>>> print(open('data30.cif').read())   # mmCIF, C-alpha atoms
data_model
loop_
_atom_site.label_atom_id
_atom_site.label_comp_id
_atom_site.auth_asym_id
_atom_site.auth_seq_id
_atom_site.Cartn_x
_atom_site.Cartn_y
_atom_site.Cartn_z
CA THR A 1 73.99 56.11 -45.70
CA THR A 2 76.08 57.07 -48.70
CA HIS A 3 78.32 60.13 -48.93
CA TYR A 4 77.13 61.07 -52.41
CA VAL A 5 73.90 60.48 -54.30
CA VAL A 6 72.84 61.33 -57.85
CA LEU A 7 69.26 62.60 -57.98
CA ASP A 8 66.87 62.38 -60.84
CA ASN A 9 65.04 65.68 -61.32
CA LEU A 10 61.89 64.60 -59.53
CA LYS A 11 59.96 67.38 -57.79
CA GLU A 12 60.34 65.73 -54.38
CA GLY A 13 64.08 66.35 -54.68
CA VAL A 14 64.58 69.16 -57.20
CA LEU A 15 62.11 72.04 -57.49
CA ALA A 16 63.78 73.78 -60.43
CA PRO A 17 66.29 71.87 -62.59
CA ASP A 18 69.28 73.93 -63.65
CA LEU A 19 72.68 72.95 -65.01
CA TYR A 20 74.62 75.31 -62.76
CA GLU A 21 72.40 76.03 -59.74
CA PRO A 22 69.50 73.57 -59.28
CA GLU A 23 66.95 74.45 -56.59
CA LEU A 24 66.51 71.57 -54.13
CA ASN A 25 63.35 70.90 -52.19
CA PRO A 26 64.04 72.48 -48.75
CA VAL A 27 62.67 69.46 -46.87
CA TYR A 28 64.80 67.10 -48.94
CA ALA A 29 67.84 69.35 -48.49
CA MET A 30 67.30 69.20 -44.72
CA VAL A 31 67.18 65.39 -44.88
CA LEU A 32 70.48 65.37 -46.80
CA ARG A 33 72.14 67.61 -44.19
CA HIS A 34 70.81 65.42 -41.38
CA TYR A 35 72.37 62.29 -42.85
CA GLY A 36 75.51 64.02 -44.14
CA VAL A 37 74.87 63.29 -47.81
CA VAL A 38 75.80 65.43 -50.83
CA ALA A 39 73.22 65.38 -53.62
CA ASP A 40 74.07 65.99 -57.26
CA PRO A 41 71.05 66.33 -59.58
CA ALA A 42 71.55 64.38 -62.77
CA ARG A 43 72.07 66.20 -66.04
CA VAL A 44 69.25 66.07 -68.54
CA ARG A 45 69.57 63.27 -71.15
CA ASP A 46 72.54 61.68 -69.39
CA PRO A 47 71.28 58.28 -68.17
CA ASN A 48 74.77 56.86 -67.59
CA ARG A 49 75.19 59.04 -64.49
CA LYS A 50 72.02 57.76 -62.83
CA GLY A 51 72.06 54.98 -60.28
CA THR A 52 71.23 51.44 -61.34
CA VAL A 53 69.41 50.59 -58.09
CA GLU A 54 66.55 53.07 -58.01
CA HIS A 55 63.39 50.92 -58.06
CA ALA A 56 63.66 48.99 -54.79
CA ILE A 57 60.20 49.95 -53.51
CA GLY A 58 58.49 49.11 -56.78
CA HIS A 59 60.39 45.82 -57.01
CA THR A 60 59.33 44.87 -53.47
CA GLN A 61 55.68 45.75 -54.11
CA ALA A 62 55.55 43.88 -57.42
CA THR A 63 57.44 40.80 -56.22
CA ALA A 64 57.23 40.22 -52.47
CA LEU A 65 53.94 41.92 -51.57
CA LYS A 66 51.89 41.38 -54.71
CA GLY A 67 48.55 39.73 -53.92
CA LYS A 68 49.36 39.29 -50.17
CA ARG A 69 47.55 40.61 -47.09
CA PHE A 70 48.85 40.72 -43.50
CA GLU A 71 47.07 41.02 -40.19
CA SER A 72 49.66 43.35 -38.66
CA LEU A 73 52.73 45.41 -39.51
CA GLU A 74 54.93 43.06 -37.47
CA GLU A 75 53.76 40.10 -39.54
CA GLN A 76 54.53 41.95 -42.77
CA ASN A 77 58.01 43.00 -41.56
CA ALA A 78 58.83 39.42 -40.54
CA PHE A 79 57.80 38.20 -43.98
CA LEU A 80 59.87 40.90 -45.74
CA GLU A 81 62.94 40.11 -43.65
CA HIS A 82 62.68 36.42 -44.61
CA TRP A 83 62.12 37.40 -48.27
CA GLU A 84 65.13 39.74 -48.23
CA THR A 85 67.43 37.15 -46.68
CA ARG A 86 66.31 34.13 -48.67
CA TRP A 87 65.53 35.60 -52.06
CA ALA A 88 66.26 39.30 -52.69
CA ALA A 89 69.84 39.43 -51.37
CA PRO A 90 71.16 36.22 -53.03
CA ARG A 91 69.56 36.97 -56.43
CA ILE A 92 71.54 38.06 -59.48
CA HIS A 93 70.85 41.66 -60.46
CA GLY A 94 69.49 41.98 -63.98
CA SER A 95 71.68 44.92 -65.07
CA THR A 96 75.01 44.24 -63.38
CA ARG A 97 74.77 40.42 -63.60
CA ARG A 98 76.15 40.16 -60.08
CA GLN A 99 74.77 39.01 -56.77
CA VAL A 100 73.10 41.83 -54.82
CA GLU A 101 74.53 40.75 -51.44
CA ALA A 102 78.08 40.59 -52.84
CA MET A 103 77.85 44.13 -54.21
CA TYR A 104 76.47 45.38 -50.88
CA GLN A 105 79.36 43.85 -48.94
CA GLU A 106 81.83 45.64 -51.23
CA GLU A 107 80.15 49.00 -50.62
CA ARG A 108 79.44 48.54 -46.90
CA PRO A 109 82.86 49.78 -45.59
CA HIS A 110 82.32 53.09 -47.42
CA LEU A 111 78.88 53.81 -45.92
CA GLN A 112 78.24 56.17 -43.00
CA ALA A 113 76.55 55.21 -39.75
CA LEU A 114 73.02 56.45 -39.22
CA PRO A 115 72.53 59.45 -36.87
CA ILE A 116 71.24 58.77 -33.36
CA SER A 117 68.10 60.87 -33.79
CA GLY A 118 65.63 60.73 -36.64
CA VAL A 119 64.65 63.46 -39.06
CA GLN A 120 62.26 66.18 -37.86
CA TYR A 121 60.14 67.09 -40.85
CA PHE A 122 58.59 70.52 -41.29
CA LYS A 123 56.27 72.59 -43.44
CA GLU A 124 57.23 75.94 -44.91
CA ALA A 125 55.14 79.09 -45.13
CA GLN A 126 55.71 82.80 -45.71
CA ARG A 127 54.48 85.46 -43.30
CA THR A 128 54.53 89.27 -43.12
CA VAL A 129 55.90 90.94 -40.00
CA CYS A 130 53.07 93.06 -38.53
CA ASP A 131 53.58 96.49 -37.00
CA ASP A 132 53.76 94.89 -33.54
CA THR A 133 56.97 93.06 -34.72
CA CYS A 134 55.17 89.69 -34.67
CA ILE A 135 54.04 87.15 -37.24
CA ARG A 136 50.72 85.28 -37.12
CA VAL A 137 50.73 81.45 -37.14
CA ASP A 138 47.55 79.49 -36.37
CA HIS A 139 45.88 82.57 -34.79
CA SER A 140 48.84 83.13 -32.42
CA SER A 141 51.58 85.79 -32.46
CA TYR A 142 55.33 85.10 -32.38
CA ALA A 143 58.09 87.71 -32.02
CA ALA A 144 60.06 88.19 -35.26
CA ARG A 145 62.70 90.77 -34.37
CA PRO A 146 65.18 91.72 -35.81
CA ALA A 147 63.10 91.23 -38.97
CA ARG A 148 61.78 94.58 -40.21
CA ILE A 149 58.10 95.53 -39.92
CA GLY A 150 56.35 94.84 -43.20
CA SER A 151 59.01 92.43 -44.49
CA ARG A 152 58.32 88.86 -45.59
CA VAL A 153 59.95 86.01 -43.68
CA LEU A 154 60.14 82.25 -44.11
CA VAL A 155 58.56 80.14 -41.35
CA ARG A 156 59.37 76.47 -40.85
CA LEU A 157 56.72 74.67 -38.83
CA PHE A 158 57.87 71.61 -36.90
CA ASP A 159 55.72 69.50 -34.60
CA HIS A 160 56.70 71.27 -31.37
CA TYR A 161 58.54 74.43 -32.46
CA LEU A 162 58.93 76.83 -35.36
CA GLU A 163 61.81 78.68 -36.98
CA ILE A 164 61.71 82.19 -38.46
CA ARG A 165 64.23 82.64 -41.26
CA GLU A 166 65.16 85.29 -43.80
CA LEU A 167 63.30 84.78 -47.05
CA GLY A 168 66.31 85.17 -49.34
CA THR A 169 69.27 83.67 -47.49
CA GLN A 170 67.17 81.41 -45.19
CA ALA A 171 69.38 82.48 -42.29
CA LEU A 172 67.85 81.65 -38.90
CA ILE A 173 66.35 84.67 -37.11
CA ARG A 174 64.45 83.20 -34.15
CA THR A 175 63.11 79.95 -32.77
CA HIS A 176 59.93 79.59 -30.69
CA ALA A 177 58.12 76.71 -29.04
CA ARG A 178 54.70 76.27 -30.63
CA VAL A 179 51.70 77.08 -28.46
CA ASP A 180 48.45 75.12 -28.43
CA ARG A 181 46.05 77.87 -27.34
CA PRO A 182 44.93 80.18 -30.19
CA GLY A 183 45.39 83.86 -29.46
CA THR A 184 48.58 83.40 -27.42
CA VAL A 185 51.23 86.12 -27.78
CA VAL A 186 54.85 84.94 -27.61
CA LEU A 187 56.56 88.30 -27.18
CA PRO A 188 58.86 89.42 -24.32
CA ASP A 189 57.70 92.51 -22.45
CA GLU A 190 60.89 94.41 -23.28
CA GLU A 191 60.15 94.02 -27.01
CA ARG A 192 56.62 95.43 -26.91
CA LEU A 193 56.08 98.71 -28.76
CA PHE A 194 53.92 101.36 -27.09
CA ASN A 195 54.35 104.22 -29.56
CA PRO A 196 51.20 104.56 -31.69
CA SER A 197 51.52 103.72 -35.37
CA ARG A 198 49.34 104.92 -38.25
CA GLU A 199 47.19 101.85 -37.74
CA THR A 200 46.80 102.72 -34.05
CA ARG A 201 45.70 106.27 -34.83
CA ALA A 202 43.20 105.03 -37.41
CA LEU A 203 41.68 102.63 -34.88
CA LEU A 204 41.42 105.35 -32.22
CA ARG A 205 39.64 107.64 -34.71
CA GLN A 206 37.11 104.93 -35.46
CA ALA A 207 36.61 104.33 -31.73
CA GLN A 208 36.05 108.06 -31.19
CA GLU A 209 33.27 107.99 -33.79
CA ILE A 210 31.51 105.32 -31.69
CA GLY A 211 31.63 107.34 -28.49
CA VAL A 212 33.68 108.71 -25.62
CA ALA A 213 33.68 105.45 -23.65
CA ALA A 214 34.81 103.39 -26.67
CA HIS A 215 37.66 105.81 -27.34
CA GLN A 216 38.75 105.79 -23.70
CA LEU A 217 38.59 101.97 -23.53
CA CYS A 218 40.74 101.58 -26.65
CA GLN A 219 43.28 104.03 -25.25
CA THR A 220 43.38 102.03 -21.99
CA LEU A 221 43.94 98.74 -23.84
CA PHE A 222 46.73 100.20 -25.98
CA ALA A 223 48.45 101.69 -22.94
CA ALA A 224 48.36 98.28 -21.20
CA GLU A 225 49.40 95.99 -24.07
CA GLY A 226 51.00 98.17 -26.74
CA ARG A 227 50.73 97.47 -30.44
CA VAL A 228 50.21 93.78 -29.87
CA GLY A 229 46.86 94.68 -28.29
CA GLN A 230 45.59 96.27 -31.50
CA ARG A 231 43.79 93.04 -32.33
CA LYS A 232 41.37 93.86 -29.49
CA LEU A 233 40.97 97.37 -30.85
CA TRP A 234 40.08 95.96 -34.26
CA GLY A 235 37.46 93.78 -32.61
CA ILE A 236 35.90 96.64 -30.65
CA VAL A 237 35.59 99.02 -33.61
CA GLY A 238 34.31 96.13 -35.70
CA LEU A 239 31.37 95.66 -33.34
CA ALA A 240 29.91 98.94 -34.61
CA LYS A 241 29.51 97.34 -38.05
CA ARG A 242 27.20 94.63 -36.66
CA TYR A 243 25.49 96.33 -33.73
CA PRO A 244 24.14 99.86 -33.09
CA SER A 245 26.89 102.25 -32.03
CA ARG A 246 24.97 103.40 -28.94
CA LEU A 247 24.86 99.79 -27.65
CA VAL A 248 28.59 99.34 -28.30
CA GLU A 249 29.17 102.60 -26.42
CA GLN A 250 27.10 101.33 -23.46
CA ALA A 251 29.06 98.06 -23.42
CA CYS A 252 32.37 99.96 -23.42
CA GLN A 253 31.15 102.15 -20.55
CA ARG A 254 30.27 99.06 -18.50
CA ALA A 255 33.67 97.57 -19.34
CA LEU A 256 35.38 100.72 -18.04
CA ASP A 257 33.29 100.71 -14.85
CA GLU A 258 33.99 97.01 -14.16
CA GLY A 259 37.65 97.01 -15.28
CA ILE A 260 37.05 94.58 -18.15
CA GLN A 261 39.84 94.35 -20.75
CA SER A 262 38.70 91.27 -22.65
CA TYR A 263 37.27 91.67 -26.15
CA LYS A 264 35.13 88.56 -25.73
CA ARG A 265 33.53 90.04 -22.59
CA ILE A 266 32.86 93.34 -24.37
CA LYS A 267 31.32 91.48 -27.30
CA ALA A 268 29.14 89.48 -24.90
CA LEU A 269 27.97 92.71 -23.21
CA THR A 270 27.07 94.19 -26.60
CA GLU A 271 25.10 91.09 -27.57
CA GLN A 272 23.31 91.16 -24.21
CA LEU A 273 22.31 94.82 -24.64
CA THR A 274 21.14 94.10 -28.19
CA THR A 275 18.97 91.22 -27.00
CA GLN A 276 17.40 93.40 -24.31
CA ALA A 277 16.65 96.18 -26.83
CA LEU A 278 14.98 93.71 -29.20
CA GLU A 279 12.87 92.30 -26.37
CA GLN A 280 11.63 95.79 -25.53
CA LEU A 281 10.68 96.39 -29.15
CA ASN A 282 8.79 93.09 -29.30
CA THR A 283 6.82 93.78 -26.09
CA PRO A 284 3.11 94.35 -27.09
CA ALA A 285 1.59 97.73 -26.23
CA GLN A 286 -1.27 97.96 -23.66
CA THR A 287 -4.74 97.80 -25.30
CA GLU A 288 -6.40 100.09 -22.72
CA PRO A 289 -4.24 103.07 -21.81
CA VAL A 290 -4.39 104.14 -18.19
CA LEU A 291 -5.94 107.60 -17.86
CA THR A 292 -4.40 109.97 -15.36
CA GLN A 293 -7.05 111.55 -13.06
CA GLN A 294 -4.89 113.90 -11.04
CA HIS A 295 -2.16 116.17 -12.41
CA PRO A 296 -1.11 119.78 -11.79
CA LEU A 297 -2.31 120.66 -15.30
CA ILE A 298 -5.75 119.07 -14.80
CA ARG A 299 -8.35 121.42 -13.14
CA ASP A 300 -10.97 120.27 -10.68
CA GLY A 301 -14.37 119.24 -12.09
CA GLN A 302 -16.18 121.99 -10.16
CA ASP A 303 -14.09 124.59 -11.97
CA TYR A 304 -15.43 123.33 -15.30
CA ALA A 305 -19.01 123.32 -13.89
CA ASP A 306 -18.68 126.93 -12.77
CA LEU A 307 -17.29 127.86 -16.20
CA PHE A 308 -20.29 126.29 -17.98
CA THR A 309 -22.78 128.00 -15.57
CA LEU A 310 -21.16 131.38 -16.15
CA GLY A 311 -21.30 130.90 -19.85
CA ALA A 312 -24.98 130.00 -19.76
CA GLN A 313 -25.81 133.13 -17.71
CA GLN A 314 -23.94 135.35 -20.14
CA SER A 315 -25.84 133.81 -23.05
CA ALA A 316 -29.23 134.39 -21.35
CA SER A 317 -28.51 138.10 -20.76
CA LEU A 318 -27.77 138.81 -24.43
CA PRO A 319 -30.64 140.54 -26.43
CA LEU A 320 -32.50 138.49 -29.00
CA PHE A 321 -32.09 139.60 -32.64
CA ASN A 322 -35.14 139.69 -34.96
CA GLU A 323 -34.36 138.22 -38.34
CA ASP A 324 -36.85 140.66 -39.98
#
>>> encode(input="data30.cif", output="structure tokens")
Amino acid sequence: TTHYVVLDNLKEGVLAPDLYEPELNPVYAMVLRHYGVVADPARVRDPNRKGTVEHAIGHTQATALKGKRFESLEEQNAFLEHWETRWAAPRIHGSTRRQVEAMYQEERPHLQALPISGVQYFKEAQRTVCDDTCIRVDHSSYAARPARIGSRVLVRLFDHYLEIRELGTQALIRTHARVDRPGTVVLPDEERLFNPSRETRALLRQAQEIGVAAHQLCQTLFAAEGRVGQRKLWGIVGLAKRYPSRLVEQACQRALDEGIQSYKRIKALTEQLTTQALEQLNTPAQTEPVLTQQHPLIRDGQDYADLFTLGAQQSASLPLFNED
């Protein structure tokens, strides 16, 4: 590799051209640091400072590979190596009027050796530090201390790990190995916060509106997991928006009785209770109601017979009135 390279202001290398402080693409800047190269973006309308060999890929595609097809990558590489040795290297360059191989041999003593390891590419994203001192990446939580709660941080996502950096200075804050299972919390126990925040109090108020059991369950979950467990609290209070509150309350009571602390289990219990309630509503009513024959409020039939006999006797003893 070279020690110094002049860049054209392409977006892959330079995000914002500027005469005094150009903004380099962070991935490209990382590649430069890896290979120990200093990049100097070219000044606008100054073609004499640009490199003369800057179209190698296009030249190879238009000359060596044009109209050709290969069965495998190995076959193509073997062909390109033969083409480079036999034709490309011995040719006379059109601008310099010199042999390409001769110019390379002059520059070769000044080039640096390649690093042992290759470049590890990354993607960048911005995240907000939640009130549990974590950031969310791919539905998992990663500790971000000493970054302040509510601040924005820069996250660099590599294949097997991630870096949390300050947004302005890009100074490294923390490094974590990436997890494969969504919902994983990468946070040491000594960094967990158990003092309730405004968000915690708001969630507990919503749980109290659902019922006593829901409020007690949310308090139990917060006491066990701290602020990082507020995601479960959000899920529990959110169930009341999709299911009747009394069914959510019954599910929370069963969770307390059985020692369940999983939101998915509580959601499954709520869905089960909802299904049972709907089945009861859809059950057809009996066409012929069953009449009760014996009950403390129902008198014996002889009592009614005696009542009718007494009434008839009283009616017979009454004098008859003449309409005239």
>>> residues_around(input="data30.cif", residues="Tyr28 of chain A", least_positions_apart="5", cutoff="10 Å", atoms="all atoms listed in the file", output="count of residues only")
7
>>> atom_distance(input="data30.cif", atom1="atom CA of Pro319 of chain A", atom2="atom CA of Asp306 of chain A")
22.7 Å
>>> resolve_selection(input="data30.cif", expression="the PyMOL selection byres ((chain A and resi 220) around 12)", output="PyMOL selection string")
chain A and resi 194+204+213-219+221-226+229-230+232-233+252+255-256+259-262
>>> closest_residue(input="data30.cif", among="A:Ile164, A:Val248, A:Leu291, A:Ala42", to="Gln272 of chain A", atoms="only C-alpha atoms")
A:Val248
>>> residues_near_point(input="data30.cif", point="(58.7, 75.8, -38.4)", cutoff="12 Å", atoms="all atoms listed in the file", output="PyMOL selection string")
chain A and resi 27+120-127+137-138+142+153-165+172-178
>>> write_last_selection(input="data30.cif", atoms="C-alpha atoms", output="PDB file, in the frame of the given file")
ATOM      1  CA  VAL A  27      62.670  69.460 -46.870  1.00  0.00           C
ATOM      2  CA  GLN A 120      62.260  66.180 -37.860  1.00  0.00           C
ATOM      3  CA  TYR A 121      60.140  67.090 -40.850  1.00  0.00           C
ATOM      4  CA  PHE A 122      58.590  70.520 -41.290  1.00  0.00           C
ATOM      5  CA  LYS A 123      56.270  72.590 -43.440  1.00  0.00           C
ATOM      6  CA  GLU A 124      57.230  75.940 -44.910  1.00  0.00           C
ATOM      7  CA  ALA A 125      55.140  79.090 -45.130  1.00  0.00           C
ATOM      8  CA  GLN A 126      55.710  82.800 -45.710  1.00  0.00           C
ATOM      9  CA  ARG A 127      54.480  85.460 -43.300  1.00  0.00           C
ATOM     10  CA  VAL A 137      50.730  81.450 -37.140  1.00  0.00           C
ATOM     11  CA  ASP A 138      47.550  79.490 -36.370  1.00  0.00           C
ATOM     12  CA  TYR A 142      55.330  85.100 -32.380  1.00  0.00           C
ATOM     13  CA  VAL A 153      59.950  86.010 -43.680  1.00  0.00           C
ATOM     14  CA  LEU A 154      60.140  82.250 -44.110  1.00  0.00           C
ATOM     15  CA  VAL A 155      58.560  80.140 -41.350  1.00  0.00           C
ATOM     16  CA  ARG A 156      59.370  76.470 -40.850  1.00  0.00           C
ATOM     17  CA  LEU A 157      56.720  74.670 -38.830  1.00  0.00           C
ATOM     18  CA  PHE A 158      57.870  71.610 -36.900  1.00  0.00           C
ATOM     19  CA  ASP A 159      55.720  69.500 -34.600  1.00  0.00           C
ATOM     20  CA  HIS A 160      56.700  71.270 -31.370  1.00  0.00           C
ATOM     21  CA  TYR A 161      58.540  74.430 -32.460  1.00  0.00           C
ATOM     22  CA  LEU A 162      58.930  76.830 -35.360  1.00  0.00           C
ATOM     23  CA  GLU A 163      61.810  78.680 -36.980  1.00  0.00           C
ATOM     24  CA  ILE A 164      61.710  82.190 -38.460  1.00  0.00           C
ATOM     25  CA  ARG A 165      64.230  82.640 -41.260  1.00  0.00           C
ATOM     26  CA  LEU A 172      67.850  81.650 -38.900  1.00  0.00           C
ATOM     27  CA  ILE A 173      66.350  84.670 -37.110  1.00  0.00           C
ATOM     28  CA  ARG A 174      64.450  83.200 -34.150  1.00  0.00           C
ATOM     29  CA  THR A 175      63.110  79.950 -32.770  1.00  0.00           C
ATOM     30  CA  HIS A 176      59.930  79.590 -30.690  1.00  0.00           C
ATOM     31  CA  ALA A 177      58.120  76.710 -29.040  1.00  0.00           C
ATOM     32  CA  ARG A 178      54.700  76.270 -30.630  1.00  0.00           C
TER      33      ARG A 178
END
>>> residues_around(input="data30.cif", residues="Val100 of chain A", least_positions_apart="2", cutoff="12 Å", atoms="only C-alpha atoms", output="CSV table (one decimal) with C-alpha atoms, in the frame of the given file")
chain,number,residue,atom,x,y,z
A,52,THR,CA,71.2,51.4,-61.3
A,53,VAL,CA,69.4,50.6,-58.1
A,56,ALA,CA,63.7,49.0,-54.8
A,84,GLU,CA,65.1,39.7,-48.2
A,85,THR,CA,67.4,37.2,-46.7
A,86,ARG,CA,66.3,34.1,-48.7
A,87,TRP,CA,65.5,35.6,-52.1
A,88,ALA,CA,66.3,39.3,-52.7
A,89,ALA,CA,69.8,39.4,-51.4
A,90,PRO,CA,71.2,36.2,-53.0
A,91,ARG,CA,69.6,37.0,-56.4
A,92,ILE,CA,71.5,38.1,-59.5
A,93,HIS,CA,70.8,41.7,-60.5
A,94,GLY,CA,69.5,42.0,-64.0
A,95,SER,CA,71.7,44.9,-65.1
A,96,THR,CA,75.0,44.2,-63.4
A,97,ARG,CA,74.8,40.4,-63.6
A,98,ARG,CA,76.2,40.2,-60.1
A,102,ALA,CA,78.1,40.6,-52.8
A,103,MET,CA,77.8,44.1,-54.2
A,104,TYR,CA,76.5,45.4,-50.9
A,105,GLN,CA,79.4,43.8,-48.9
A,106,GLU,CA,81.8,45.6,-51.2
A,107,GLU,CA,80.2,49.0,-50.6
>>> closest_residue(input="data30.cif", among="A:Pro146, A:Pro196, A:Pro244, A:Gly67", to="Thr274 of chain A", atoms="all atoms listed in the file")
A:Pro244
>>> atom_distance(input="data30.cif", atom1="atom CA of Leu269 of chain A", atom2="atom CA of Gly238 of chain A")
14.4 Å
>>> axis_aligned_box(input="data30.cif", around="segment 57-73 of chain A", padding_each_side="4 Å", output="AutoDock Vina command-line options")
--center_x 53.7 --center_y 44.6 --center_z -48.0 --size_x 21.3 --size_y 18.7 --size_z 26.8
>>> residues_around(input="data30.cif", residues="Pro17 of chain A", least_positions_apart="3", cutoff="12 Å", atoms="all atoms listed in the file", output="JSON, numbers by chain")
{"A": [7, 8, 9, 10, 11, 12, 13, 14, 20, 21, 22, 23, 24, 25, 40, 41, 42, 43, 44]}
>>> residues_around(input="data30.cif", residues="Thr128 of chain A", least_positions_apart="4", cutoff="9 Å", atoms="only C-alpha atoms", output="MDAnalysis selection string")
chainID A and resid 134:136 149:153
>>> closest_residue(input="data30.cif", among="A:Lys68, A:Leu19, A:Lys267, A:Gln206", to="Arg45 of chain A", atoms="only C-alpha atoms")
A:Leu19
>>> resolve_selection(input="data30.cif", expression="the PyMOL selection byres ((chain A and resi 36) around 10)", output="list in words")
Thr1, Thr2, His3, Tyr4, Met30, Val31, Leu32, Arg33, His34, Tyr35, Val37, Val38, Ala39, Gln112, Ala113, Leu114 and Pro115 of chain A
>>> write_last_selection(input="data30.cif", atoms="C-alpha atoms", output="PDB file, in the coordinates of the input")
ATOM      1  CA  THR A   1      73.990  56.110 -45.700  1.00  0.00           C
ATOM      2  CA  THR A   2      76.080  57.070 -48.700  1.00  0.00           C
ATOM      3  CA  HIS A   3      78.320  60.130 -48.930  1.00  0.00           C
ATOM      4  CA  TYR A   4      77.130  61.070 -52.410  1.00  0.00           C
ATOM      5  CA  MET A  30      67.300  69.200 -44.720  1.00  0.00           C
ATOM      6  CA  VAL A  31      67.180  65.390 -44.880  1.00  0.00           C
ATOM      7  CA  LEU A  32      70.480  65.370 -46.800  1.00  0.00           C
ATOM      8  CA  ARG A  33      72.140  67.610 -44.190  1.00  0.00           C
ATOM      9  CA  HIS A  34      70.810  65.420 -41.380  1.00  0.00           C
ATOM     10  CA  TYR A  35      72.370  62.290 -42.850  1.00  0.00           C
ATOM     11  CA  VAL A  37      74.870  63.290 -47.810  1.00  0.00           C
ATOM     12  CA  VAL A  38      75.800  65.430 -50.830  1.00  0.00           C
ATOM     13  CA  ALA A  39      73.220  65.380 -53.620  1.00  0.00           C
ATOM     14  CA  GLN A 112      78.240  56.170 -43.000  1.00  0.00           C
ATOM     15  CA  ALA A 113      76.550  55.210 -39.750  1.00  0.00           C
ATOM     16  CA  LEU A 114      73.020  56.450 -39.220  1.00  0.00           C
ATOM     17  CA  PRO A 115      72.530  59.450 -36.870  1.00  0.00           C
TER      18      PRO A 115
END
>>> closest_residue(input="data30.cif", among="A:Leu167, A:Thr270, A:Val129, A:Gly235", to="Gln250 of chain A", atoms="all atoms listed in the file")
A:Thr270
>>> atom_distance(input="data30.cif", atom1="atom CA of Gln276 of chain A", atom2="atom CA of Gln208 of chain A")
24.7 Å
>>> build_atoms(input="data30.cif", residues="segment 305-316 of chain A", atoms="N, CA, C and O atoms", output="PDB file, in the coordinates of the input")
ATOM      1  N   ALA A 305     -17.549 123.079 -14.085  1.00  0.00           N
ATOM      2  CA  ALA A 305     -19.010 123.320 -13.890  1.00  0.00           C
ATOM      3  C   ALA A 305     -19.304 124.815 -13.728  1.00  0.00           C
ATOM      4  O   ALA A 305     -20.264 125.340 -14.306  1.00  0.00           O
ATOM      5  N   ASP A 306     -18.505 125.489 -12.947  1.00  0.00           N
ATOM      6  CA  ASP A 306     -18.680 126.930 -12.770  1.00  0.00           C
ATOM      7  C   ASP A 306     -18.494 127.671 -14.102  1.00  0.00           C
ATOM      8  O   ASP A 306     -19.208 128.653 -14.392  1.00  0.00           O
ATOM      9  N   LEU A 307     -17.532 127.227 -14.907  1.00  0.00           N
ATOM     10  CA  LEU A 307     -17.290 127.860 -16.200  1.00  0.00           C
ATOM     11  C   LEU A 307     -18.512 127.705 -17.113  1.00  0.00           C
ATOM     12  O   LEU A 307     -18.930 128.661 -17.785  1.00  0.00           O
ATOM     13  N   PHE A 308     -19.111 126.506 -17.137  1.00  0.00           N
ATOM     14  CA  PHE A 308     -20.290 126.290 -17.980  1.00  0.00           C
ATOM     15  C   PHE A 308     -21.503 127.108 -17.490  1.00  0.00           C
ATOM     16  O   PHE A 308     -22.280 127.648 -18.279  1.00  0.00           O
ATOM     17  N   THR A 309     -21.661 127.214 -16.139  1.00  0.00           N
ATOM     18  CA  THR A 309     -22.780 128.000 -15.570  1.00  0.00           C
ATOM     19  C   THR A 309     -22.652 129.468 -15.930  1.00  0.00           C
ATOM     20  O   THR A 309     -23.619 130.160 -16.324  1.00  0.00           O
ATOM     21  N   LEU A 310     -21.417 129.987 -15.807  1.00  0.00           N
ATOM     22  CA  LEU A 310     -21.160 131.380 -16.150  1.00  0.00           C
ATOM     23  C   LEU A 310     -21.419 131.640 -17.636  1.00  0.00           C
ATOM     24  O   LEU A 310     -21.979 132.673 -18.015  1.00  0.00           O
ATOM     25  N   GLY A 311     -21.073 130.725 -18.419  1.00  0.00           N
ATOM     26  CA  GLY A 311     -21.300 130.900 -19.850  1.00  0.00           C
ATOM     27  C   GLY A 311     -22.791 130.898 -20.190  1.00  0.00           C
ATOM     28  O   GLY A 311     -23.247 131.660 -21.065  1.00  0.00           O
ATOM     29  N   ALA A 312     -23.539 130.039 -19.498  1.00  0.00           N
ATOM     30  CA  ALA A 312     -24.980 130.000 -19.760  1.00  0.00           C
ATOM     31  C   ALA A 312     -25.656 131.306 -19.324  1.00  0.00           C
ATOM     32  O   ALA A 312     -26.562 131.821 -20.000  1.00  0.00           O
ATOM     33  N   GLN A 313     -25.251 131.871 -18.178  1.00  0.00           N
ATOM     34  CA  GLN A 313     -25.810 133.130 -17.710  1.00  0.00           C
ATOM     35  C   GLN A 313     -25.508 134.261 -18.679  1.00  0.00           C
ATOM     36  O   GLN A 313     -26.364 135.110 -18.954  1.00  0.00           O
ATOM     37  N   GLN A 314     -24.311 134.303 -19.191  1.00  0.00           N
ATOM     38  CA  GLN A 314     -23.940 135.350 -20.140  1.00  0.00           C
ATOM     39  C   GLN A 314     -24.774 135.245 -21.428  1.00  0.00           C
ATOM     40  O   GLN A 314     -25.218 136.244 -21.995  1.00  0.00           O
ATOM     41  N   SER A 315     -25.039 134.020 -21.825  1.00  0.00           N
ATOM     42  CA  SER A 315     -25.840 133.810 -23.050  1.00  0.00           C
ATOM     43  C   SER A 315     -27.284 134.244 -22.838  1.00  0.00           C
ATOM     44  O   SER A 315     -27.926 134.809 -23.742  1.00  0.00           O
ATOM     45  N   ALA A 316     -27.817 134.023 -21.613  1.00  0.00           N
ATOM     46  CA  ALA A 316     -29.230 134.390 -21.350  1.00  0.00           C
ATOM     47  C   ALA A 316     -29.409 135.894 -21.298  1.00  0.00           C
ATOM     48  O   ALA A 316     -30.489 136.420 -21.592  1.00  0.00           O
TER      49      ALA A 316
END
